[in-house]
Amino acid sequence: MTSKKGSDLLVNVLTDWGIKEVYGLPGDSVDTTVDALRRQKDKIKFIQVRHEEVASLAASASAKYTGKIGVCLSIGGPGAIHLLNGLYDAKMDHVPVLALLGQVTSQSLNEGYFQEVNTPKLFDDVAVFNRTISSVDNLAEIVDQAIRSAYENKGVAVLTIPDDIPDQELKTIYHSSAKAFSLAKPSINEEQINKASELIKNSQKPIALIGLGAKESGEEVTSFLKKNNIPFVQTLPAKGTISDDHPNSLGNVGKLGTKPAYEAMKNADLLILLGSNYPYLPYLPNKGQAKCIQVDLKAENLGKRYSVTTAIQADVYDVVHALNKKGVLRDNKSFLQACQKNMDNWNKWMQEKRELDTTPISPESMVAYIDQTAPDDLVYSIDVGTSTSWAARFLHVKRNQKFAISAWLGTMGCGLPGAIAGQIVFPKRRVLSLIGDGAFSMVMQDFVTAVKYKLPIIFVIINNQKLAFIEYEQQSAGQLNYEINLADIDFGKFAQAAGGIGITVKSNDKFKEALDQAYQTKDKPVLINAYVEDNAPLPGKIVLDEAKGFAKFGQEYLENYWKIPELPPFKDILRQFF
């Protein structure tokens with residue numbers, strides 16, 4: 001029997017599971033594994049990044065885009081520590097990721113050796129599976145087990161591997177469980193389906209909140225909502241599950257959402273939660289106001305945010321399919337039509353914003369042009385900050401487009417790694433990343449990774465020389481702004497220096513020219529450094545606490561600086577408060 005190195009068997013298991021790429025950096029305590037990736041580079045691609053945080057954020061984004069496990073790799077010690085941010089992003093957004101960590105050799109372990117860190121303890125909170133490999137005999141088996149666990153628990157599996165172990169030989173052959181693996185889904189309870197049907201039949205003002213658990217069920221959910229005349233709201237990470245331009249859509253809800261969505265929630269008599277664990281309770285119907293149907297694969301989520309009348313632990317597709325088989329449950333269109341009228345008014349207001357023409361650029365009109373010119377299969381990677389606000393409000397994501405953000409962790413710097421992952425897994429599609437200047441500067445070194453691998457990503461940098469979202473967070477909390485201004489960086493020159501294309505623009509017309517040009521580029525990334533107005537990303541509905549906060553901020557500002565602060569246009573405040 002041919003002898004095999006443990007590292008080769010490890011890579012065999014990865015390829016058995018259909019893993020096509022690993023993101024990371026080589027280094028002394030992980031080089032035996034990297035060497036096996038070199039030997040099998042025709043089967044699996046090693047994507048070298050410049051910072052391990054980018055590796056783990058890219059692995060997380062890859063899982064969000066595809067539903068398949070993402071993989072990242074680093075040395076032990078400092079490299080492993082850098083992975084934590086991206087791994088927490090995967091944990092909190094419930095996607096499967098495998099992290100392979102190097103470690104000092106077995107002989108040096110627990111001796112306080114150079115760069116030795118207790119990674120099992122360090123990664124205990126982030127991981128659903130956390131093991132240290134102690135023998136080559138079970139290396140491949142534990143890798144296989146780790147991948148199964150990541151899929152089953154929709155989370156992070158971490159393996160710490162002393163660097164001498166993968167270099168050892170194993171005479172037996174290990175066959176992975178990849179081909180035999182499948183996840184069982186809870187069966188549907190017909191009694192619960194009947195109860196849900198009756199609640200829908202008897203409702204006068206139903207509204208559906210669509211979450212990530214419905215992501216793969218968009219067509220079935222669309223049919224259900226259309227035939228039963230139910231308006232719907234999508235959570236931001238679920239954006240695109242149903243096209244944003246669907247006539248029943250009220251956009252998003254919450255600080256990044258629309259006023260019609262907020263008002264529909266506050267008038268609803270039935271809340272239908274489909275695969276959503278939405279945490280912002282002030283934007284849901286008031287306590288005791290509405291009956292509630294909730295569908296979720298996780299029993300622990302049922303009733304967690306809102307008191308449920310009927311809780312169904314099952315896959316969203318299976319439940320909605322069963323409801324659709326019952327035909328039309330309600331034909332009353334009055335609430336839907338009222339919501340649509342409200343949404344028409346909102347869209348007219350938003351159209352005013354989409355048509356703004358200023359110097360510097362209005363971010364609203366800039367993002368509107370991105371939306372207008374986006375290919376039907378565009379892949380979006382959206383960073384955290386005002387970029388999230390403008391994307392939520394002015395991008396009408398279609399069913400065939402992809403959309404990824406850092407939803408629950410909300411970590412700045414996720415846009416660039418997400419774009420790299422998006423272009424790697426969808427090489428024939430265009431990828432566009434919307435990023436604030438503060439977020440981009442956290443990971444900008446890895447723009448050169450996109451250059452190295454000839455990835456034609458379009459990066460749009462919202463450059464207002466400040467942490468703008470934090471500016472408005474401070475104001476809404478009644479605090480004076482402090483340390484939010486950023487020193488300007490010429491990101492266009494930076495992109496050119498890194499070997500990509502860099503374009504700096506300061507007007508709407510020049511931005512449109514730059515974006516049109518970017519779509520013509522096929523073999524390198526394009527960065528558009530867009531100087532924008534510091535426009536306020538006001539909530540769709542300003543709630544009372546926020547109004548009090550803005551009033552306190554105004555008073556503090558007047559008392560400290562003896563002048564009235566610059567605020568958003570008064571008509572905008574009135575529209576979103578009343």
# chains A, B, ... in the order shown; residues from 1 in each chain; ligands from 1

call {"tool": "select_by_dssp", "arguments": {"residues": "region 179-363 of chain A", "states": "alpha helix (DSSP H)", "output": "ChimeraX atom specification"}}
result
/A:190-202,218-227,259-265,316-324,334-354,363

call {"tool": "select_by_dssp", "arguments": {"residues": "region 308-548 of chain A", "states": "strand (DSSP E or B)", "output": "JSON, numbers by chain"}}
result
{"A": [310, 311, 312, 313, 361, 379, 380, 381, 382, 402, 403, 404, 431, 432, 433, 434, 435, 436, 458, 459, 460, 461, 462, 463, 466, 485, 501, 502, 503, 504, 505, 526, 527, 528, 529, 530, 531, 532]}

call {"tool": "residues_around", "arguments": {"residues": "Glu198 (chain A)", "least_positions_apart": "5", "cutoff": "12 Å", "atoms": "only C-alpha atoms", "output": "list in words"}}
result
Glu191, Gln192, Ile193, Ser203, Leu270, Lys291, Cys292, Ile293, Thr309, Thr310, Leu323, Lys326, Val328, Leu329 and Arg330 of chain A

call {"tool": "write_last_selection", "arguments": {"atoms": "C-alpha atoms", "output": "PDB file, in the first residue's frame"}}
result
ATOM      1  CA  GLU A 191     -51.590  20.582  12.615  1.00  0.00           C
ATOM      2  CA  GLN A 192     -49.287  23.593  12.784  1.00  0.00           C
ATOM      3  CA  ILE A 193     -49.705  24.192   9.041  1.00  0.00           C
ATOM      4  CA  SER A 203     -55.878  38.312   9.288  1.00  0.00           C
ATOM      5  CA  LEU A 270     -50.324  39.220  11.989  1.00  0.00           C
ATOM      6  CA  LYS A 291     -50.491  37.366  16.359  1.00  0.00           C
ATOM      7  CA  CYS A 292     -47.377  35.675  15.060  1.00  0.00           C
ATOM      8  CA  ILE A 293     -46.400  32.729  12.884  1.00  0.00           C
ATOM      9  CA  THR A 309     -49.049  32.056  18.219  1.00  0.00           C
ATOM     10  CA  THR A 310     -47.821  29.242  15.994  1.00  0.00           C
ATOM     11  CA  LEU A 323     -49.174  26.554   2.592  1.00  0.00           C
ATOM     12  CA  LYS A 326     -53.775  25.025   0.166  1.00  0.00           C
ATOM     13  CA  VAL A 328     -55.431  31.192  -1.853  1.00  0.00           C
ATOM     14  CA  LEU A 329     -55.896  31.725   1.879  1.00  0.00           C
ATOM     15  CA  ARG A 330     -56.919  35.396   1.772  1.00  0.00           C
TER      16      ARG A 330
END

call {"tool": "residues_around", "arguments": {"residues": "region 393-403 of chain A", "least_positions_apart": "4", "cutoff": "10 Å", "atoms": "only C-alpha atoms", "output": "MDAnalysis selection string"}}
result
chainID A and resid 61 64:66 215 218:219 236:246 251:252 256:258 350:351 353:354 363:372 374:382 388:389 418 422 429 431:433 537 540
